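Q: Sharing a structure below in C-alpha cells format, with a few things to ask.
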Amino acid sequence: MPLIDGLTTLWDKLLGAQPDPPPLLVLLTAAVALVVVATRLPWRIARNAVTIAHEGGHALVALLTGRKLRGIRLHSDTSGLTLSAGRPTGPGMILTLLAGYVAPSLVGLAGAWLLAGNRITLLLWVAVALLLAMLVLIRNVFGVLSLLVTGGVVLAVSWYASSQVQAAFAWTSVWFLLLGGVRPVVELQRLRSRGRMPESDADQLARLTPFPALLWVTVFALVSLAALGVGALLLAGPILTDAGFTL
C-alpha cells in the first residue's frame with residue numbers, strides 16, 4: 001500500500017545512518033562554532049539557542065520531579081524565565097534549578113552521541129520535536145517567535161537541504177552547544193563577582209542547600225567541561241578514524 005510504503009521510507013530515512021563526514025568538515029564546523037562563541041556580536045545572536053536549551057532544561061526537570069509547569073519566557077536580551085509551582089524547597093526544586101546551566105552542554109553531548117552514529121536526520125527531527133513541545137509552554141511573543149524561527153530553520157535544513165549541508169549544519173550546531181554551554185557559566189561568575197546577579201540559579205541553590213553559590217558554579221563548570229571533552233571525542237571520530245585510531 002502506498003501509505004505503508006511511504007511510512008516505511010520515512011522511518012528508514014529517520015533511523016538510517018548517513019556516511020561519515022570528511023575530517024575537514026569536522027574541523028571547520030568546530031572552528032566556526034568557536035568563532036561564534038568567542039565573538040561578541042555572533043554570540044549575542046546565537047546565544048538565544050543556549051537560552052532555549054537552558055530554559056528547556058529547567059522545564060523538563062520540573063516536570064520529571066512532579067512540579068507543575070506554569071510557562072516559559074524568552075527575552076530579547078537572551079535571558080529567560082521558567083515558572084513552576086510546587087514545594088519551594090526540597091529535591092525537586094534543587095534539581096530544577098541545577099538543570100538550567102548544564103542543559104545546553106548535556107543536549108550537545110546527546111547530539112554528539114547521535115552524530116557519532118551518523119544519525120543526522122534523527123538528530124534534526126528530534127530537535128524539531130523538542131522545539132515544538134517547548135513552544136506550547138512559551139508565554140510571551142518574543143519567545144514564540146524565537147522558537148518558530150529556530151524550529152523553522154532546523155526543519156527547513158532537515159527537509160530541503162542536501163546531505164552535505166545537513167551534515168555541516170548538524171556538526172556546527174552540536175559543536176556550538178558544547179562550546180556555548182561553557183561561556184554562560186563564566187559569565188555567571190563574572191556577574192556574580194560584581195554583585196549583579198543576586199538571584200542567579202547558583203545563589204538560589206545556595207539558599208536551598210548547605211553549599212555556597214561558588215560551589216554550584218563550579219558544578220556547572222565541571223559538567224559543562226566534561227560534556228565538552230566527551231562530546232569532542234565523539235565528534236572527532238572521523239578524524240581519529242582517518243588517523244588510524246578508534247574510540
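How things are named: the first chain in the C-alpha cells is A, the next is B, and so on; residues count from 1 in each chain; ligands count from 1 in the order shown.
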Go through region 155-189 of chain A and flag each residue having an atom no more than 7 Å from region 95-110 of chain A; for those, report the closest pair of atoms plus their distance in Å to one decimal, using only C-alpha atoms, ordered by chain and rising number, as a tab-separated table.

A:
residue	atom	partner	partner_atom	distance
A:Val174	CA	A:Gly108	CA	5.1
A:Leu177	CA	A:Gly108	CA	4.9
A:Leu178	CA	A:Ser105	CA	4.9
A:Gly181	CA	A:Ser105	CA	4.8
A:Val185	CA	A:Tyr101	CA	6.9

Q: Would you save the residues of that selection, restricted to N, CA and C atoms, as a PDB file, in the first residue's frame?

A:
ATOM      1  N   VAL A 174      25.973  21.209  17.061  1.00  0.00           N
ATOM      2  CA  VAL A 174      26.373  20.445  18.242  1.00  0.00           C
ATOM      3  C   VAL A 174      27.661  21.001  18.840  1.00  0.00           C
ATOM      4  N   LEU A 177      26.664  24.055  20.849  1.00  0.00           N
ATOM      5  CA  LEU A 177      26.073  23.781  22.158  1.00  0.00           C
ATOM      6  C   LEU A 177      27.132  23.336  23.166  1.00  0.00           C
ATOM      7  N   LEU A 178      28.074  22.521  22.712  1.00  0.00           N
ATOM      8  CA  LEU A 178      29.130  22.055  23.617  1.00  0.00           C
ATOM      9  C   LEU A 178      30.027  23.213  24.063  1.00  0.00           C
ATOM     10  N   GLY A 181      27.928  26.006  25.940  1.00  0.00           N
ATOM     11  CA  GLY A 181      27.484  25.683  27.283  1.00  0.00           C
ATOM     12  C   GLY A 181      28.459  26.123  28.357  1.00  0.00           C
ATOM     13  N   VAL A 185      28.496  29.959  31.977  1.00  0.00           N
ATOM     14  CA  VAL A 185      28.946  29.705  33.348  1.00  0.00           C
ATOM     15  C   VAL A 185      30.032  30.715  33.728  1.00  0.00           C
TER      16      VAL A 185
END

Q: For region 154-197 of chain A against region 144-148 of chain A, with a cut-off of 12 Å and counting only C-alpha atoms, what is the closest atom pair and its distance in Å to one decimal for every residue that makes the cut, ordered by chain and number, as JSON lines?

A:
{"residue": "A:Val154", "atom": "CA", "partner": "A:Leu148", "partner_atom": "CA", "distance": 9.9}
{"residue": "A:Leu155", "atom": "CA", "partner": "A:Leu148", "partner_atom": "CA", "distance": 10.1}
{"residue": "A:Ala156", "atom": "CA", "partner": "A:Leu148", "partner_atom": "CA", "distance": 11.7}

Q: With distances taken over only C-alpha atoms, which residue among A:Arg139, A:Val217, A:His58, A:Val50 lies nearest Ile94 (chain A)?

A: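 Using only C-alpha atoms, Ile94 (chain A) sits closest to A:His58.
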
Q: Can you tell me how far CA of Leu228 (chain A) sits from CA of Leu34 (chain A), in Å to one decimal?

A: 12.1 Å

Q: Mind giving me the straight-line distance from CA of Ala85 (chain A) to CA of Arg67 (chain A) in Å, one decimal?

A: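 Atom-to-atom, CA of Ala85 (chain A) and CA of Arg67 (chain A) are spaced 5.8 Å apart.
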
Q: Residues within 10 Å of Pro19 (chain A), please, as a VMD selection string. Count only C-alpha atoms; anything in the same chain fewer than 4 positions from it doesn't count.

A: chain A and resid 117 to 120 163 to 164 167

Q: Which residue gives the smallest distance to Arg207 (chain A) among A:Asn140, A:Thr89, A:Ser173, A:Gln166, with only C-alpha atoms counted?

A: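 Smallest separation from Arg207 (chain A) among the options: A:Thr89.
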
Q: So which residues of region 21-157 of chain A fall under strand (DSSP E or B) by DSSP, listed as a PyMOL selection string?

A: chain A and resi 68-74+80-85+138

Q: What's the separation between CA of Ala33 (chain A) and CA of Leu234 (chain A), in Å to one decimal place?

A: 16.0 Å

Q: Residues within 8 Å of Ala62 (chain A), please, as a list in words. Count only C-alpha atoms; anything in the same chain fewer than 2 positions from it doesn't count.

A: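 Contacts, with the query itself left out: His58, Ala59, Leu60, Leu64, Thr65, Gly66, Arg67, Lys68, Leu69, Ser84, Gly92, Met93, Leu95 and Thr96 of chain A.
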
Q: Would you export the selected residues with N, CA and C atoms as a PDB file, in the first residue's frame, please?

A:
ATOM      1  N   HIS A  58      15.349  23.479  32.642  1.00  0.00           N
ATOM      2  CA  HIS A  58      14.542  23.765  33.827  1.00  0.00           C
ATOM      3  C   HIS A  58      13.156  23.129  33.709  1.00  0.00           C
ATOM      4  N   ALA A  59      12.527  23.335  32.541  1.00  0.00           N
ATOM      5  CA  ALA A  59      11.155  22.871  32.355  1.00  0.00           C
ATOM      6  C   ALA A  59      11.057  21.348  32.409  1.00  0.00           C
ATOM      7  N   LEU A  60      11.963  20.663  31.729  1.00  0.00           N
ATOM      8  CA  LEU A  60      11.915  19.202  31.690  1.00  0.00           C
ATOM      9  C   LEU A  60      12.092  18.603  33.079  1.00  0.00           C
ATOM     10  N   LEU A  64       9.637  16.316  35.392  1.00  0.00           N
ATOM     11  CA  LEU A  64      10.069  14.991  35.831  1.00  0.00           C
ATOM     12  C   LEU A  64      10.040  14.842  37.350  1.00  0.00           C
ATOM     13  N   THR A  65      10.192  15.949  38.067  1.00  0.00           N
ATOM     14  CA  THR A  65      10.189  15.885  39.529  1.00  0.00           C
ATOM     15  C   THR A  65       8.814  16.178  40.120  1.00  0.00           C
ATOM     16  N   GLY A  66       7.799  16.267  39.262  1.00  0.00           N
ATOM     17  CA  GLY A  66       6.433  16.416  39.750  1.00  0.00           C
ATOM     18  C   GLY A  66       5.977  17.833  40.001  1.00  0.00           C
ATOM     19  N   ARG A  67       6.756  18.808  39.589  1.00  0.00           N
ATOM     20  CA  ARG A  67       6.334  20.192  39.742  1.00  0.00           C
ATOM     21  C   ARG A  67       5.364  20.567  38.620  1.00  0.00           C
ATOM     22  N   LYS A  68       4.515  21.538  38.863  1.00  0.00           N
ATOM     23  CA  LYS A  68       3.545  21.980  37.861  1.00  0.00           C
ATOM     24  C   LYS A  68       4.133  23.142  37.091  1.00  0.00           C
ATOM     25  N   LEU A  69       4.304  22.956  35.801  1.00  0.00           N
ATOM     26  CA  LEU A  69       4.944  23.972  34.972  1.00  0.00           C
ATOM     27  C   LEU A  69       3.952  25.064  34.606  1.00  0.00           C
ATOM     28  N   SER A  84       7.488  27.446  37.693  1.00  0.00           N
ATOM     29  CA  SER A  84       6.856  26.190  38.061  1.00  0.00           C
ATOM     30  C   SER A  84       6.299  26.313  39.466  1.00  0.00           C
ATOM     31  N   GLY A  92      13.109  18.363  44.389  1.00  0.00           N
ATOM     32  CA  GLY A  92      12.534  18.773  43.114  1.00  0.00           C
ATOM     33  C   GLY A  92      12.962  20.170  42.715  1.00  0.00           C
ATOM     34  N   MET A  93      12.914  21.098  43.664  1.00  0.00           N
ATOM     35  CA  MET A  93      13.311  22.475  43.380  1.00  0.00           C
ATOM     36  C   MET A  93      14.807  22.556  43.131  1.00  0.00           C
ATOM     37  N   LEU A  95      16.858  20.180  41.946  1.00  0.00           N
ATOM     38  CA  LEU A  95      17.181  19.613  40.638  1.00  0.00           C
ATOM     39  C   LEU A  95      16.728  20.522  39.501  1.00  0.00           C
ATOM     40  N   THR A  96      15.574  21.164  39.687  1.00  0.00           N
ATOM     41  CA  THR A  96      15.080  22.090  38.655  1.00  0.00           C
ATOM     42  C   THR A  96      16.044  23.253  38.471  1.00  0.00           C
TER      43      THR A  96
END

Q: For a quick check of understanding, using only C-alpha atoms, which of A:Val126, A:Gly80, A:Thr51, A:Phe211 has the smallest distance to Gly151 (chain A)?

A: A:Val126

Q: Write out as a tab-separated table a residue-level contact list of region 132-191 of chain A versus region 195-199 of chain A with cut-off 9 Å: for each qualifying residue the closest pair of atoms and the distance in Å to one decimal, counting only C-alpha atoms, rows sorted by chain and residue number upward.

A:
residue	atom	partner	partner_atom	distance
A:Leu188	CA	A:Met197	CA	7.7
A:Gln189	CA	A:Met197	CA	8.9
A:Arg190	CA	A:Arg196	CA	8.9
A:Leu191	CA	A:Arg196	CA	5.3

Q: Next, the residues of the selection above should be written as a CSV table (one decimal), in the first residue's frame with N, CA and C atoms.

A:
chain,number,residue,atom,x,y,z
A,188,LEU,N,28.3,34.0,34.2
A,188,LEU,CA,27.6,33.9,35.5
A,188,LEU,C,28.5,34.3,36.7
A,189,GLN,N,29.6,33.7,36.8
A,189,GLN,CA,30.5,34.0,37.9
A,189,GLN,C,31.1,35.4,37.8
A,190,ARG,N,31.3,35.9,36.6
A,190,ARG,CA,31.8,37.3,36.4
A,190,ARG,C,30.8,38.3,36.9
A,191,LEU,N,29.5,38.1,36.6
A,191,LEU,CA,28.5,38.9,37.0
A,191,LEU,C,28.2,38.8,38.5

Q: Would you mind telling me which residue in A:Leu132, A:Leu235, A:Leu179, A:Ala206 lies nearest to Val35 (chain A) when using only C-alpha atoms?

A: A:Leu179

Q: Taking only C-alpha atoms into account, which of A:Val153, A:Val128, A:Leu25, A:Ile45 comes nearest Gly237 (chain A)?

A: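 Going through A:Val153, A:Val128, A:Leu25, A:Ile45 one by one, the smallest distance to Gly237 (chain A) is for A:Leu25.
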